[in-house]
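Trainee: Could you have a look at this structure, given as structure tokens, before my questions?
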Amino acid sequence: QQQVKQSPQSLIVQKGGISIINCAYENTAFDYFPWYQQFPGKGPALLIAIRPDVSEKKEGRFTISFNKSAKQFSLHIMDSQPGDSATYFCAASWARRGAQKLVFGQGTRLTINP
Amino acid sequence: DGGITQSPKYLFRKEGQNVTLSCEQNLNHDAMYWYRQDPGQGLRLIYYSQIVNDFQKGDIAEGYSVSREKKESFPLTVTSAQKNPTAFYLCASKPSGRTYEQYFGPGTRLTVT
């Protein structure tokens, strides 16, 4: 119930194309769904996040689509650029005894070919 | 500069030795976390702390120990009881209150041979 399943494991997209990464969860107690971007040898950094009462959030070229009934959410990267090549993690947040914890998906290694 | 520092960036140890990873933050955050990252497995929570002198086990705490004597510091000790200690270790922090973003440090890559 505390898992977040992410797919695909790796993705290759041509420059200018749309990159799509999908995640699914089971626990309806999750209350926040962030996406993190990680470059090799670095720590993850928050890219964009969404609350479950919103179906879509857009920030620049990055969009989260959220389907509460299906318990799925996805990251769309429009006009993908070589600089977007990184590993992307979806996550889900839940609180227990006042402590917020994140559960992460397995990660997607995205490569944008020039 | 405000942020989270982890040192060293690379750490090598012989099997059977305990090793302590450093994590310091000057963001005045109350909550701190330790994660382990392995290829294809995402980030898994080892320990977390909401306040000084208090910490809780995460999903994979066996073979690890922590302390939280100061707000800004949350060191992680990888003991000889950890069967597969070679991994990338990430420290994170979060401000108190109804905020959700965790801020990550640059990580320490530990190799045990």
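Ordered as shown in the structure tokens, chains take letters A, B, and onward, while each chain numbers its residues from 1 and ligands are numbered from 1 in the order shown.
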Identify, on the basis of only C-alpha atoms, every residue whose closest approach to range 79-88 of chain A does not exceed 10 Å; exclude the query and any residue fewer than 5 positions from it along the same chain; express the result as a PyMOL selection string.

Mentor: (chain A and resi 6+9-19+21+35-40+44-47+61-62+105-114) or (chain B and resi 42)

Trainee: Quick one: which chain B residues come within 10 Å of chain A, and what is the nearest atom pair for each with the distance in Å to one decimal, counting only C-alpha atoms, rows ordered by chain and ascending number, as CSV?

Mentor:
```
residue,atom,partner,partner_atom,distance
B:Lys9,CA,A:Gly41,CA,9.0
B:Ala31,CA,A:Ala99,CA,8.3
B:Tyr33,CA,A:Lys101,CA,8.9
B:Gln37,CA,A:Gln106,CA,9.7
B:Asp38,CA,A:Gln106,CA,9.4
B:Pro39,CA,A:Gln106,CA,8.5
B:Gly40,CA,A:Gln106,CA,5.6
B:Gln41,CA,A:Gln106,CA,4.7
B:Gly42,CA,A:Gln106,CA,4.0
B:Leu43,CA,A:Phe104,CA,5.9
B:Arg44,CA,A:Phe104,CA,7.3
B:Leu45,CA,A:Val103,CA,8.1
B:Tyr48,CA,A:Lys101,CA,8.6
B:Ser49,CA,A:Ala99,CA,8.5
B:Gln50,CA,A:Ala99,CA,6.7
B:Gln56,CA,A:Ala99,CA,9.6
B:Gly58,CA,A:Lys101,CA,9.1
B:Asp59,CA,A:Val103,CA,9.9
B:Phe88,CA,A:Gly41,CA,8.8
B:Tyr89,CA,A:Gly43,CA,9.3
B:Leu90,CA,A:Gly43,CA,6.8
B:Cys91,CA,A:Gly43,CA,8.6
B:Ala92,CA,A:Gly43,CA,9.0
B:Lys94,CA,A:Gln100,CA,8.9
B:Ser96,CA,A:Ala99,CA,9.4
B:Gly97,CA,A:Gly98,CA,9.2
B:Arg98,CA,A:Gln100,CA,9.0
B:Thr99,CA,A:Gln100,CA,8.9
B:Tyr100,CA,A:Tyr32,CA,7.3
B:Glu101,CA,A:Leu46,CA,7.3
B:Gln102,CA,A:Leu46,CA,7.9
B:Tyr103,CA,A:Ala45,CA,7.0
B:Phe104,CA,A:Gly43,CA,5.6
B:Gly105,CA,A:Gly43,CA,5.5
B:Pro106,CA,A:Gly43,CA,4.4
B:Gly107,CA,A:Gly43,CA,5.8
B:Thr108,CA,A:Gly41,CA,8.9
B:Arg109,CA,A:Gly41,CA,8.5
```

Trainee: DSSP says strand (DSSP E) for which residues of chain B? Put them as JSON, numbers by chain?

Mentor: {"B": [4, 5, 6, 7, 10, 11, 12, 13, 19, 20, 21, 22, 23, 24, 25, 31, 32, 33, 34, 35, 36, 37, 43, 44, 45, 46, 47, 48, 49, 50, 51, 54, 55, 56, 57, 64, 65, 66, 76, 77, 78, 87, 88, 89, 90, 91, 92, 93, 94, 103, 104, 108, 109, 110, 111, 112]}

Trainee: Generate the output file for the selected residues, C-alpha atoms, as a PDB file, in the first residue's frame.

Mentor:
```
ATOM      1  CA  ILE B   4      22.530  20.947   3.030  1.00  0.00           C
ATOM      2  CA  THR B   5      26.075  19.674   3.004  1.00  0.00           C
ATOM      3  CA  GLN B   6      27.146  16.068   3.035  1.00  0.00           C
ATOM      4  CA  SER B   7      30.697  14.984   3.455  1.00  0.00           C
ATOM      5  CA  TYR B  10      33.123   9.605  -1.805  1.00  0.00           C
ATOM      6  CA  LEU B  11      33.921   7.230   1.036  1.00  0.00           C
ATOM      7  CA  PHE B  12      35.709   3.909   0.941  1.00  0.00           C
ATOM      8  CA  ARG B  13      35.772   1.404   3.782  1.00  0.00           C
ATOM      9  CA  VAL B  19      31.535   4.443   9.083  1.00  0.00           C
ATOM     10  CA  THR B  20      29.751   7.727   9.818  1.00  0.00           C
ATOM     11  CA  LEU B  21      28.313   9.957   7.110  1.00  0.00           C
ATOM     12  CA  SER B  22      27.932  13.631   7.855  1.00  0.00           C
ATOM     13  CA  CYS B  23      24.865  15.758   7.126  1.00  0.00           C
ATOM     14  CA  GLU B  24      24.655  19.441   8.079  1.00  0.00           C
ATOM     15  CA  GLN B  25      21.975  21.997   7.210  1.00  0.00           C
ATOM     16  CA  ALA B  31      12.882  17.574  10.095  1.00  0.00           C
ATOM     17  CA  MET B  32      15.782  15.636   8.619  1.00  0.00           C
ATOM     18  CA  TYR B  33      15.898  12.380   6.699  1.00  0.00           C
ATOM     19  CA  TRP B  34      18.367   9.784   5.461  1.00  0.00           C
ATOM     20  CA  TYR B  35      17.728   7.852   2.256  1.00  0.00           C
ATOM     21  CA  ARG B  36      19.593   5.130   0.474  1.00  0.00           C
ATOM     22  CA  GLN B  37      19.632   5.036  -3.322  1.00  0.00           C
ATOM     23  CA  LEU B  43      15.100   6.219  -2.748  1.00  0.00           C
ATOM     24  CA  ARG B  44      14.386   4.248   0.414  1.00  0.00           C
ATOM     25  CA  LEU B  45      14.002   5.843   3.833  1.00  0.00           C
ATOM     26  CA  ILE B  46      16.506   4.770   6.481  1.00  0.00           C
ATOM     27  CA  TYR B  47      15.810   7.101   9.422  1.00  0.00           C
ATOM     28  CA  TYR B  48      14.086  10.389  10.015  1.00  0.00           C
ATOM     29  CA  SER B  49      13.996  12.967  12.764  1.00  0.00           C
ATOM     30  CA  GLN B  50      11.350  15.569  13.452  1.00  0.00           C
ATOM     31  CA  ILE B  51      13.099  17.381  16.307  1.00  0.00           C
ATOM     32  CA  ASP B  54      14.182  12.333  18.579  1.00  0.00           C
ATOM     33  CA  PHE B  55      14.369  10.026  15.564  1.00  0.00           C
ATOM     34  CA  GLN B  56      12.382   7.196  14.042  1.00  0.00           C
ATOM     35  CA  LYS B  57      13.221   4.158  11.938  1.00  0.00           C
ATOM     36  CA  TYR B  64      22.173   1.781  10.537  1.00  0.00           C
ATOM     37  CA  SER B  65      22.130   4.190  13.466  1.00  0.00           C
ATOM     38  CA  VAL B  66      21.648   7.947  13.786  1.00  0.00           C
ATOM     39  CA  LEU B  76      24.303   8.435   9.899  1.00  0.00           C
ATOM     40  CA  THR B  77      26.461   5.514  10.994  1.00  0.00           C
ATOM     41  CA  VAL B  78      26.617   2.505   8.735  1.00  0.00           C
ATOM     42  CA  ALA B  87      25.194   2.675  -2.026  1.00  0.00           C
ATOM     43  CA  PHE B  88      24.556   6.375  -2.597  1.00  0.00           C
ATOM     44  CA  TYR B  89      23.326   8.000   0.611  1.00  0.00           C
ATOM     45  CA  LEU B  90      21.190  11.122   0.565  1.00  0.00           C
ATOM     46  CA  CYS B  91      20.290  13.427   3.401  1.00  0.00           C
ATOM     47  CA  ALA B  92      17.248  15.706   3.240  1.00  0.00           C
ATOM     48  CA  SER B  93      15.533  18.276   5.407  1.00  0.00           C
ATOM     49  CA  LYS B  94      12.107  19.900   5.603  1.00  0.00           C
ATOM     50  CA  TYR B 103      15.436  19.542   0.250  1.00  0.00           C
ATOM     51  CA  PHE B 104      18.224  17.131  -0.589  1.00  0.00           C
ATOM     52  CA  THR B 108      27.749  10.542  -0.297  1.00  0.00           C
ATOM     53  CA  ARG B 109      28.748   7.511  -2.315  1.00  0.00           C
ATOM     54  CA  LEU B 110      29.926   4.786   0.039  1.00  0.00           C
ATOM     55  CA  THR B 111      31.893   1.837  -1.265  1.00  0.00           C
ATOM     56  CA  VAL B 112      32.648  -1.066   1.049  1.00  0.00           C
TER      57      VAL B 112
END
```
